[in-house]
>>> print(open('coords29.json').read())   # JSON, C-alpha atoms and all ligand atoms
[["chain", "number", "residue", "atom", "x", "y", "z"],
["A", 1, "MET", "CA", 50.65, -41.38, -49.96],
["A", 2, "GLU", "CA", 47.87, -42.39, -52.29],
["A", 3, "ALA", "CA", 47.64, -45.91, -53.66],
["A", 4, "PHE", "CA", 49.01, -46.29, -57.21],
["A", 5, "GLN", "CA", 45.62, -47.56, -58.37],
["A", 6, "ASN", "CA", 43.81, -44.37, -57.35],
["A", 7, "ILE", "CA", 46.12, -42.31, -59.52],
["A", 8, "GLY", "CA", 45.53, -44.65, -62.46],
["A", 9, "ILE", "CA", 41.77, -44.52, -62.08],
["A", 10, "ARG", "CA", 41.75, -40.72, -61.96],
["A", 11, "ARG", "CA", 44.10, -40.34, -64.93],
["A", 12, "ARG", "CA", 42.09, -42.75, -67.03],
["A", 13, "LEU", "CA", 38.75, -41.16, -66.17],
["A", 14, "ARG", "CA", 40.18, -37.88, -67.48],
["A", 15, "ARG", "CA", 40.66, -39.54, -70.88],
["A", 16, "PHE", "CA", 36.85, -39.58, -71.17],
["A", 17, "PHE", "CA", 35.74, -36.57, -69.14],
["A", 18, "ARG", "CA", 36.78, -33.08, -70.09],
["A", 19, "ARG", "CA", 37.41, -30.41, -67.43],
["A", 20, "ASP", "CA", 33.66, -29.82, -67.24],
["A", 21, "GLY", "CA", 33.24, -33.39, -66.00],
["A", 22, "ARG", "CA", 31.23, -34.40, -69.09],
["A", 23, "ALA", "CA", 31.76, -36.75, -71.98],
["A", 24, "LEU", "CA", 30.31, -37.91, -75.29],
["A", 25, "ILE", "CA", 31.19, -41.55, -75.81],
["A", 26, "PHE", "CA", 30.49, -43.46, -79.02],
["A", 27, "ALA", "CA", 29.09, -46.96, -78.35],
["A", 28, "MET", "CA", 29.48, -49.77, -80.84],
["A", 29, "ASP", "CA", 28.86, -53.27, -79.53],
["A", 30, "HIS", "CA", 25.73, -53.62, -81.64],
["A", 31, "GLY", "CA", 27.19, -56.05, -84.20],
["A", 32, "PHE", "CA", 27.31, -58.53, -81.33],
["A", 33, "GLU", "CA", 24.42, -57.47, -79.14],
["A", 34, "HIS", "CA", 21.85, -56.78, -81.86],
["A", 35, "GLY", "CA", 23.54, -58.31, -84.90],
["A", 36, "PRO", "CA", 24.94, -56.79, -88.11],
["A", 37, "GLU", "CA", 21.40, -55.82, -89.18],
["A", 38, "ASP", "CA", 21.77, -52.71, -87.03],
["A", 39, "PHE", "CA", 24.09, -51.44, -89.77],
["A", 40, "THR", "CA", 21.59, -51.95, -92.59],
["A", 41, "GLU", "CA", 20.73, -48.23, -92.81],
["A", 42, "VAL", "CA", 24.35, -47.32, -93.55],
["A", 43, "TRP", "CA", 26.03, -50.56, -94.51],
["A", 44, "GLU", "CA", 29.57, -49.18, -94.80],
["A", 45, "HIS", "CA", 29.48, -48.69, -91.02],
["A", 46, "VAL", "CA", 29.52, -52.45, -90.53],
["A", 47, "ASN", "CA", 33.26, -51.91, -91.01],
["A", 48, "PRO", "CA", 34.31, -50.56, -87.60],
["A", 49, "ARG", "CA", 37.35, -48.80, -89.05],
["A", 50, "VAL", "CA", 35.15, -46.70, -91.35],
["A", 51, "ILE", "CA", 32.74, -45.48, -88.67],
["A", 52, "LEU", "CA", 35.42, -45.09, -85.99],
["A", 53, "LYS", "CA", 37.50, -42.85, -88.27],
["A", 54, "LYS", "CA", 34.42, -40.67, -88.82],
["A", 55, "VAL", "CA", 33.43, -40.36, -85.16],
["A", 56, "ILE", "CA", 36.96, -39.72, -83.97],
["A", 57, "ARG", "CA", 37.44, -37.04, -86.61],
["A", 58, "ALA", "CA", 34.19, -35.43, -85.46],
["A", 59, "GLY", "CA", 35.55, -35.15, -81.91],
["A", 60, "VAL", "CA", 33.95, -37.74, -79.61],
["A", 61, "ASP", "CA", 35.64, -37.97, -76.21],
["A", 62, "GLY", "CA", 35.68, -41.76, -76.03],
["A", 63, "VAL", "CA", 34.57, -45.00, -77.65],
["A", 64, "MET", "CA", 33.07, -48.15, -76.18],
["A", 65, "LEU", "CA", 33.91, -51.39, -78.00],
["A", 66, "LEU", "CA", 34.09, -55.14, -77.49],
["A", 67, "PRO", "CA", 37.64, -56.60, -77.39],
["A", 68, "GLY", "CA", 37.75, -57.93, -80.96],
["A", 69, "ILE", "CA", 36.66, -54.64, -82.50],
["A", 70, "ALA", "CA", 39.20, -52.75, -80.39],
["A", 71, "ARG", "CA", 41.79, -55.10, -81.85],
["A", 72, "ILE", "CA", 40.67, -54.73, -85.49],
["A", 73, "SER", "CA", 40.58, -50.95, -85.09],
["A", 74, "GLY", "CA", 43.64, -50.50, -82.86],
["A", 75, "ASP", "CA", 45.53, -48.21, -85.23],
["A", 76, "VAL", "CA", 42.45, -46.04, -85.87],
["A", 77, "LEU", "CA", 41.99, -45.25, -82.18],
["A", 78, "THR", "CA", 43.98, -42.08, -81.65],
["A", 79, "PRO", "CA", 45.55, -41.54, -78.22],
["A", 80, "ASN", "CA", 43.33, -38.54, -77.42],
["A", 81, "VAL", "CA", 40.21, -40.74, -77.38],
["A", 82, "GLY", "CA", 39.32, -42.78, -74.27],
["A", 83, "LEU", "CA", 38.89, -46.49, -74.95],
["A", 84, "MET", "CA", 36.27, -48.36, -72.94],
["A", 85, "VAL", "CA", 36.24, -52.11, -73.45],
["A", 86, "LYS", "CA", 33.06, -53.91, -72.56],
["A", 87, "LEU", "CA", 33.54, -57.36, -71.12],
["A", 88, "THR", "CA", 29.99, -58.75, -71.08],
["A", 89, "SER", "CA", 27.31, -59.06, -73.73],
["A", 90, "LYS", "CA", 24.70, -61.35, -75.25],
["A", 91, "THR", "CA", 23.59, -62.12, -78.77],
["A", 92, "ASN", "CA", 20.12, -61.65, -80.13],
["A", 93, "LEU", "CA", 20.28, -65.28, -81.20],
["A", 94, "ARG", "CA", 19.78, -66.81, -77.78],
["A", 95, "PRO", "CA", 16.31, -67.91, -76.63],
["A", 96, "LYS", "CA", 13.92, -65.22, -75.51],
["A", 97, "GLU", "CA", 14.03, -66.24, -71.86],
["A", 98, "ASP", "CA", 17.83, -65.92, -71.82],
["A", 99, "GLN", "CA", 17.83, -62.39, -73.26],
["A", 100, "PHE", "CA", 17.88, -61.09, -69.69],
["A", 101, "LEU", "CA", 21.39, -62.39, -69.10],
["A", 102, "GLN", "CA", 24.72, -60.93, -70.20],
["A", 103, "SER", "CA", 27.71, -63.28, -70.29],
["A", 104, "PRO", "CA", 31.45, -62.64, -70.03],
["A", 105, "LEU", "CA", 33.21, -62.40, -73.39],
["A", 106, "GLY", "CA", 36.61, -61.12, -72.37],
["A", 107, "PHE", "CA", 38.79, -60.46, -69.38],
["A", 108, "VAL", "CA", 40.22, -57.39, -67.70],
["A", 109, "GLU", "CA", 43.72, -58.52, -68.69],
["A", 110, "ASP", "CA", 42.67, -58.52, -72.39],
["A", 111, "ALA", "CA", 41.37, -54.98, -72.03],
["A", 112, "ILE", "CA", 44.66, -53.91, -70.47],
["A", 113, "LYS", "CA", 46.58, -55.50, -73.36],
["A", 114, "LEU", "CA", 44.41, -53.48, -75.73],
["A", 115, "GLY", "CA", 45.32, -50.25, -73.92],
["A", 116, "ALA", "CA", 41.86, -49.74, -72.44],
["A", 117, "ASP", "CA", 41.20, -46.70, -70.27],
["A", 118, "ALA", "CA", 38.14, -48.32, -68.68],
["A", 119, "VAL", "CA", 36.23, -51.58, -68.69],
["A", 120, "ALA", "CA", 32.48, -52.03, -68.65],
["A", 121, "ALA", "CA", 29.96, -54.70, -67.74],
["A", 122, "THR", "CA", 26.17, -54.77, -67.83],
["A", 123, "VAL", "CA", 23.82, -55.63, -65.00],
["A", 124, "TYR", "CA", 20.15, -56.16, -65.86],
["A", 125, "TRP", "CA", 18.74, -55.21, -62.47],
["A", 126, "GLY", "CA", 15.64, -57.18, -61.56],
["A", 127, "SER", "CA", 16.33, -59.89, -64.13],
["A", 128, "PRO", "CA", 16.00, -63.53, -63.08],
["A", 129, "TYR", "CA", 19.80, -63.67, -63.72],
["A", 130, "GLU", "CA", 20.63, -60.62, -61.59],
["A", 131, "ASP", "CA", 22.77, -62.71, -59.24],
["A", 132, "ILE", "CA", 25.04, -63.93, -62.07],
["A", 133, "MET", "CA", 25.54, -60.44, -63.48],
["A", 134, "MET", "CA", 26.25, -58.99, -60.02],
["A", 135, "LYS", "CA", 29.02, -61.55, -59.55],
["A", 136, "GLN", "CA", 30.41, -60.80, -63.01],
["A", 137, "PHE", "CA", 30.44, -57.08, -62.31],
["A", 138, "ALA", "CA", 32.00, -57.55, -58.87],
["A", 139, "GLU", "CA", 34.78, -59.67, -60.36],
["A", 140, "VAL", "CA", 35.50, -57.26, -63.20],
["A", 141, "ALA", "CA", 35.46, -54.29, -60.80],
["A", 142, "SER", "CA", 37.75, -55.92, -58.28],
["A", 143, "ILE", "CA", 40.38, -56.92, -60.83],
["A", 144, "ALA", "CA", 40.14, -53.68, -62.80],
["A", 145, "HIS", "CA", 40.48, -51.53, -59.69],
["A", 146, "ASP", "CA", 43.60, -53.48, -58.71],
["A", 147, "PHE", "CA", 45.11, -52.41, -62.03],
["A", 148, "GLY", "CA", 44.00, -48.78, -61.71],
["A", 149, "LEU", "CA", 41.29, -49.12, -64.36],
["A", 150, "PRO", "CA", 37.91, -47.44, -63.89],
["A", 151, "VAL", "CA", 34.80, -49.59, -64.20],
["A", 152, "VAL", "CA", 31.60, -48.64, -65.95],
["A", 153, "GLN", "CA", 28.30, -50.25, -65.18],
["A", 154, "PHE", "CA", 25.62, -50.41, -67.85],
["A", 155, "SER", "CA", 22.84, -50.35, -65.32],
["A", 156, "TYR", "CA", 19.72, -51.57, -67.09],
["A", 157, "PRO", "CA", 16.67, -52.62, -65.08],
["A", 158, "ARG", "CA", 15.06, -55.27, -67.23],
["A", 159, "GLY", "CA", 12.99, -58.44, -67.16],
["A", 160, "PRO", "CA", 9.48, -59.70, -66.47],
["A", 161, "TYR", "CA", 9.46, -58.68, -62.80],
["A", 162, "ILE", "CA", 10.41, -55.11, -63.63],
["A", 163, "ASN", "CA", 7.57, -54.85, -66.12],
["A", 164, "GLU", "CA", 5.16, -56.41, -63.65],
["A", 165, "LYS", "CA", 6.10, -54.09, -60.81],
["A", 166, "TYR", "CA", 6.83, -50.80, -62.60],
["A", 167, "GLY", "CA", 5.03, -51.12, -65.93],
["A", 168, "LYS", "CA", 8.15, -50.21, -67.93],
["A", 169, "LYS", "CA", 11.90, -50.46, -67.51],
["A", 170, "GLU", "CA", 12.34, -46.68, -67.91],
["A", 171, "ASP", "CA", 10.23, -45.86, -64.83],
["A", 172, "TYR", "CA", 12.46, -43.48, -62.86],
["A", 173, "ARG", "CA", 11.93, -45.38, -59.61],
["A", 174, "VAL", "CA", 13.60, -48.47, -61.01],
["A", 175, "VAL", "CA", 16.25, -46.61, -63.07],
["A", 176, "MET", "CA", 17.16, -44.71, -59.90],
["A", 177, "TYR", "CA", 17.36, -48.00, -58.01],
["A", 178, "GLY", "CA", 19.68, -49.48, -60.63],
["A", 179, "ALA", "CA", 21.92, -46.41, -60.57],
["A", 180, "ARG", "CA", 22.12, -46.56, -56.80],
["A", 181, "ALA", "CA", 22.90, -50.27, -56.90],
["A", 182, "ALA", "CA", 25.70, -49.55, -59.41],
["A", 183, "ALA", "CA", 27.14, -46.87, -57.14],
["A", 184, "GLU", "CA", 26.91, -49.18, -54.15],
["A", 185, "MET", "CA", 28.85, -51.83, -56.10],
["A", 186, "GLY", "CA", 31.69, -49.41, -56.77],
["A", 187, "ALA", "CA", 31.05, -48.33, -60.37],
["A", 188, "ASP", "CA", 33.12, -45.31, -61.47],
["A", 189, "MET", "CA", 30.65, -44.38, -64.20],
["A", 190, "ILE", "CA", 27.03, -45.40, -64.79],
["A", 191, "LYS", "CA", 25.21, -45.65, -68.10],
["A", 192, "THR", "CA", 21.46, -45.92, -67.96],
["A", 193, "TYR", "CA", 18.09, -45.21, -69.58],
["A", 194, "TRP", "CA", 16.37, -41.92, -70.15],
["A", 195, "THR", "CA", 13.53, -41.62, -67.65],
["A", 196, "GLY", "CA", 11.44, -39.22, -69.70],
["A", 197, "SER", "CA", 11.98, -35.91, -67.89],
["A", 198, "LYS", "CA", 14.67, -33.70, -66.43],
["A", 199, "GLU", "CA", 13.09, -33.91, -62.96],
["A", 200, "THR", "CA", 13.07, -37.70, -62.83],
["A", 201, "PHE", "CA", 16.57, -38.00, -64.32],
["A", 202, "ALA", "CA", 17.81, -35.62, -61.60],
["A", 203, "LYS", "CA", 16.59, -38.19, -59.06],
["A", 204, "VAL", "CA", 18.67, -40.86, -60.82],
["A", 205, "VAL", "CA", 21.71, -38.57, -60.63],
["A", 206, "ASP", "CA", 21.05, -37.94, -56.92],
["A", 207, "ALA", "CA", 20.70, -41.65, -56.20],
["A", 208, "ALA", "CA", 24.10, -42.28, -57.84],
["A", 209, "ALA", "CA", 25.61, -40.16, -55.05],
["A", 210, "GLY", "CA", 28.32, -38.45, -57.10],
["A", 211, "VAL", "CA", 29.15, -41.27, -59.49],
["A", 212, "PRO", "CA", 28.80, -39.77, -63.01],
["A", 213, "VAL", "CA", 25.61, -40.86, -64.76],
["A", 214, "LEU", "CA", 25.54, -40.96, -68.57],
["A", 215, "LEU", "CA", 22.57, -41.45, -70.84],
["A", 216, "SER", "CA", 22.29, -44.64, -72.84],
["A", 217, "GLY", "CA", 21.36, -43.40, -76.30],
["A", 218, "GLY", "CA", 18.64, -45.84, -77.36],
["A", 219, "ALA", "CA", 17.05, -46.44, -80.75],
["A", 220, "LYS", "CA", 17.52, -43.81, -83.45],
["A", 221, "ALA", "CA", 15.21, -40.86, -82.75],
["A", 222, "LYS", "CA", 12.63, -39.71, -85.33],
["A", 223, "ASN", "CA", 14.65, -36.56, -85.88],
["A", 224, "PRO", "CA", 17.96, -35.18, -84.58],
["A", 225, "LEU", "CA", 16.32, -32.39, -82.59],
["A", 226, "GLU", "CA", 14.30, -34.85, -80.54],
["A", 227, "PHE", "CA", 17.49, -36.64, -79.48],
["A", 228, "LEU", "CA", 19.38, -33.40, -78.79],
["A", 229, "LYS", "CA", 16.52, -32.30, -76.52],
["A", 230, "VAL", "CA", 16.87, -35.47, -74.44],
["A", 231, "VAL", "CA", 20.61, -35.00, -74.08],
["A", 232, "TYR", "CA", 20.08, -31.34, -73.15],
["A", 233, "GLU", "CA", 17.72, -32.39, -70.36],
["A", 234, "VAL", "CA", 20.18, -35.02, -69.16],
["A", 235, "ILE", "CA", 22.80, -32.29, -68.78],
["A", 236, "GLU", "CA", 20.30, -29.96, -67.09],
["A", 237, "ALA", "CA", 19.50, -32.78, -64.67],
["A", 238, "GLY", "CA", 23.17, -33.05, -63.67],
["A", 239, "GLY", "CA", 24.00, -35.97, -65.97],
["A", 240, "ALA", "CA", 27.61, -36.34, -67.10],
["A", 241, "GLY", "CA", 26.93, -36.83, -70.82],
["A", 242, "ALA", "CA", 25.86, -39.62, -73.12],
["A", 243, "VAL", "CA", 26.99, -42.94, -74.55],
["A", 244, "VAL", "CA", 25.50, -43.04, -78.03],
["A", 245, "GLY", "CA", 25.44, -45.71, -80.70],
["A", 246, "ARG", "CA", 22.53, -45.87, -83.13],
["A", 247, "ASN", "CA", 21.81, -42.14, -83.15],
["A", 248, "ILE", "CA", 25.34, -41.76, -84.53],
["A", 249, "PHE", "CA", 26.18, -44.78, -86.69],
["A", 250, "GLN", "CA", 22.77, -45.06, -88.34],
["A", 251, "ARG", "CA", 23.47, -41.70, -90.01],
["A", 252, "GLU", "CA", 25.29, -41.60, -93.32],
["A", 253, "ASN", "CA", 27.21, -38.56, -92.16],
["A", 254, "PRO", "CA", 27.41, -38.69, -88.36],
["A", 255, "GLU", "CA", 29.59, -35.57, -88.06],
["A", 256, "PRO", "CA", 26.87, -32.89, -87.69],
["A", 257, "MET", "CA", 25.06, -34.97, -85.05],
["A", 258, "ILE", "CA", 28.27, -35.51, -83.07],
["A", 259, "LYS", "CA", 29.19, -31.83, -83.27],
["A", 260, "ALA", "CA", 25.69, -30.80, -82.18],
["A", 261, "LEU", "CA", 25.87, -33.26, -79.26],
["A", 262, "LEU", "CA", 29.24, -31.83, -78.25],
["A", 263, "ARG", "CA", 27.75, -28.33, -78.29],
["A", 264, "VAL", "CA", 24.92, -29.42, -76.00],
["A", 265, "ILE", "CA", 27.11, -31.46, -73.67],
["A", 266, "HIS", "CA", 30.16, -29.23, -73.39],
["A", 267, "ARG", "CA", 28.84, -25.76, -74.20],
["A", 268, "ASN", "CA", 25.37, -25.98, -72.68],
["A", 269, "GLU", "CA", 23.91, -24.86, -76.00],
["A", 270, "GLU", "CA", 20.15, -25.11, -76.44],
["A", 271, "PRO", "CA", 19.22, -28.05, -78.71],
["A", 272, "GLU", "CA", 17.70, -25.83, -81.44],
["A", 273, "GLU", "CA", 20.75, -23.59, -81.49],
["A", 274, "ALA", "CA", 23.12, -26.59, -81.68],
["A", 275, "ALA", "CA", 21.05, -28.28, -84.40],
["A", 276, "LYS", "CA", 20.94, -25.09, -86.50],
["A", 277, "ALA", "CA", 24.66, -24.45, -86.08],
["A", 278, "GLU", "CA", 25.41, -27.91, -87.48],
["A", 279, "GLY", "CA", 22.84, -27.71, -90.28],
["A", 280, "LEU", "CA", 20.61, -30.42, -88.82],
["A", 281, "ILE", "CA", 17.50, -28.24, -89.05],
["A", 301, "LIG", "P1", 22.51, -47.11, -78.42],
["A", 301, "LIG", "O1", 22.84, -45.64, -78.26],
["A", 301, "LIG", "O2", 22.45, -47.52, -79.84],
["A", 301, "LIG", "O3", 21.28, -47.46, -77.63],
["A", 301, "LIG", "O4", 23.73, -47.90, -77.79],
["A", 301, "LIG", "C1", 23.89, -48.05, -76.42],
["A", 301, "LIG", "C2", 23.72, -49.50, -76.01],
["A", 301, "LIG", "O5", 23.80, -49.66, -74.61],
["A", 301, "LIG", "C3", 24.70, -50.43, -76.64],
["A", 301, "LIG", "O6", 25.88, -50.46, -75.95],
["A", 301, "LIG", "C4", 23.95, -51.71, -76.63],
["A", 301, "LIG", "O7", 24.31, -52.59, -77.61],
["A", 301, "LIG", "C5", 22.56, -51.26, -76.83],
["A", 301, "LIG", "O8", 22.46, -49.94, -76.41],
["A", 301, "LIG", "C6", 21.59, -52.06, -76.04],
["A", 301, "LIG", "O9", 20.37, -51.94, -76.64],
["A", 301, "LIG", "P2", 19.12, -52.70, -76.10],
["A", 301, "LIG", "O10", 18.42, -51.67, -75.29],
["A", 301, "LIG", "O11", 18.37, -53.09, -77.33],
["A", 301, "LIG", "O12", 19.60, -53.87, -75.31]]
>>> encode(input="coords29.json", output="structure tokens")
Amino acid sequence: MEAFQNIGIRRRLRRFFRRDGRALIFAMDHGFEHGPEDFTEVWEHVNPRVILKKVIRAGVDGVMLLPGIARISGDVLTPNVGLMVKLTSKTNLRPKEDQFLQSPLGFVEDAIKLGADAVAATVYWGSPYEDIMMKQFAEVASIAHDFGLPVVQFSYPRGPYINEKYGKKEDYRVVMYGARAAAEMGADMIKTYWTGSKETFAKVVDAAAGVPVLLSGGAKAKNPLEFLKVVYEVIEAGGAGAVVGRNIFQRENPEPMIKALLRVIHRNEEPEEAAKAEGLI
């Protein structure tokens, strides 16, 4: 007989991934990680209930929140949407040299109380604080797995040594390394940077050895088509979808963007086709 936990992990992963094994997850930890200024473009979205109602109505598969926002928005989060609670973060207020460290801000037990379907923690691979974040991730993963909760690693190579050695943190060789390290640590889902091409992202997917790899959205693209093209290539490369924040909440009306992303992710539509269908171009 299978262990109870395995059943829990599989059931909960299905709350994010559709039958095609792909997901569009809305990320919103920016009020903490970047500060409320990230909401300047569309100020009403500083209220999590306002933006969460919009993105859920538009059909996202899951949301990623910090514990306090999950609490404030509890009644807005409909049961058909997967809830990922992130348990580490950092503020933009800390000194520059400490920006390469994420700290714990909640516990697996809190996430369970909130009804989470997964927990997440970041590791800045290559950072001078890598050791601390590895321990944090290992602890979160071990406890979460005991409770049948899947664990997501935000696998972000980052820090002075990465820049020195690879030139940029998005170099596929280091993104691939981070994804592999996440898989080796027992992550059930990996979120990481765009490497710039379908071919290089396919290497990242290969290195993850079957653990689903999702794109980390990044700063708002110059135009919607540009972002849809990246997500299309992620899917073509074997990626399992995208976790998107700013490209959604920095739009007054995020619905057409979400619907176009869903077309690309779940229907394999070409980016131009999806953008036209949703009136984005
Ligand atoms: P975005 O789609 O806005 O990039 O959100 C994804 C995310 O990982 C957030 O969870 C996080 O706050 C942010 O990006 C990290 O951004 P940065 O690269 O500036 O640390």
>>> residues_near_ligand(input="coords29.json", ligand="ligand LIG 301 (chain A)", cutoff="6 Å", atoms="only C-alpha atoms and all ligand atoms", output="PyMOL selection string")
chain A and resi 27+29-30+33+216-219+244-246
>>> residues_around(input="coords29.json", residues="A:Ala202", least_positions_apart="5", cutoff="12 Å", atoms="all atoms listed in the file", output="PDB file with C-alpha atoms, in the frame of the given file")
ATOM      1  CA  TYR A 172      12.460 -43.480 -62.860  1.00  0.00           C
ATOM      2  CA  ARG A 173      11.930 -45.380 -59.610  1.00  0.00           C
ATOM      3  CA  VAL A 175      16.250 -46.610 -63.070  1.00  0.00           C
ATOM      4  CA  MET A 176      17.160 -44.710 -59.900  1.00  0.00           C
ATOM      5  CA  ALA A 179      21.920 -46.410 -60.570  1.00  0.00           C
ATOM      6  CA  TRP A 194      16.370 -41.920 -70.150  1.00  0.00           C
ATOM      7  CA  THR A 195      13.530 -41.620 -67.650  1.00  0.00           C
ATOM      8  CA  GLY A 196      11.440 -39.220 -69.700  1.00  0.00           C
ATOM      9  CA  SER A 197      11.980 -35.910 -67.890  1.00  0.00           C
ATOM     10  CA  ALA A 207      20.700 -41.650 -56.200  1.00  0.00           C
ATOM     11  CA  ALA A 208      24.100 -42.280 -57.840  1.00  0.00           C
ATOM     12  CA  ALA A 209      25.610 -40.160 -55.050  1.00  0.00           C
ATOM     13  CA  GLY A 210      28.320 -38.450 -57.100  1.00  0.00           C
ATOM     14  CA  PRO A 212      28.800 -39.770 -63.010  1.00  0.00           C
ATOM     15  CA  VAL A 213      25.610 -40.860 -64.760  1.00  0.00           C
ATOM     16  CA  LEU A 214      25.540 -40.960 -68.570  1.00  0.00           C
ATOM     17  CA  LEU A 215      22.570 -41.450 -70.840  1.00  0.00           C
ATOM     18  CA  GLU A 233      17.720 -32.390 -70.360  1.00  0.00           C
ATOM     19  CA  VAL A 234      20.180 -35.020 -69.160  1.00  0.00           C
ATOM     20  CA  ILE A 235      22.800 -32.290 -68.780  1.00  0.00           C
ATOM     21  CA  GLU A 236      20.300 -29.960 -67.090  1.00  0.00           C
ATOM     22  CA  ALA A 237      19.500 -32.780 -64.670  1.00  0.00           C
ATOM     23  CA  GLY A 238      23.170 -33.050 -63.670  1.00  0.00           C
ATOM     24  CA  GLY A 239      24.000 -35.970 -65.970  1.00  0.00           C
ATOM     25  CA  ALA A 240      27.610 -36.340 -67.100  1.00  0.00           C
TER      26      ALA A 240
END
>>> atom_distance(input="coords29.json", atom1="atom CA of A:Ala277", atom2="atom CA of A:Arg57")
17.9 Å
>>> closest_residue(input="coords29.json", among="A:Tyr177, A:Tyr129, A:Phe147, A:Tyr232", to="A:Asp206", atoms="all atoms listed in the file")
A:Tyr177
>>> closest_residue(input="coords29.json", among="A:Lys169, A:Lys96, A:His45, A:Lys191", to="A:Phe154", atoms="only C-alpha atoms")
A:Lys191
>>> closest_residue(input="coords29.json", among="A:Ala111, A:Leu93, A:Leu87, A:Ile143", to="A:His34", atoms="all atoms listed in the file")
A:Leu93
>>> residues_around(input="coords29.json", residues="A:Arg251", least_positions_apart="6", cutoff="9 Å", atoms="all atoms listed in the file", output="list in words")
Glu41, Val42 and Met257 of chain A
>>> closest_residue(input="coords29.json", among="A:Ile51, A:Leu149, A:Asp20, A:Lys135", to="A:Leu83", atoms="all atoms listed in the file")
A:Leu149
>>> closest_residue(input="coords29.json", among="A:Leu228, A:Asp146, A:Asn253, A:Lys54", to="A:Glu269", atoms="all atoms listed in the file")
A:Leu228
>>> closest_residue(input="coords29.json", among="A:Leu280, A:Glu273, A:Thr122, A:Asn223", to="A:Ile258", atoms="all atoms listed in the file")
A:Leu280
>>> atom_distance(input="coords29.json", atom1="atom CA of A:Thr200", atom2="atom CA of A:Ala141")
27.9 Å
>>> atom_distance(input="coords29.json", atom1="atom CA of A:Gly167", atom2="atom CA of A:Glu199")
19.2 Å
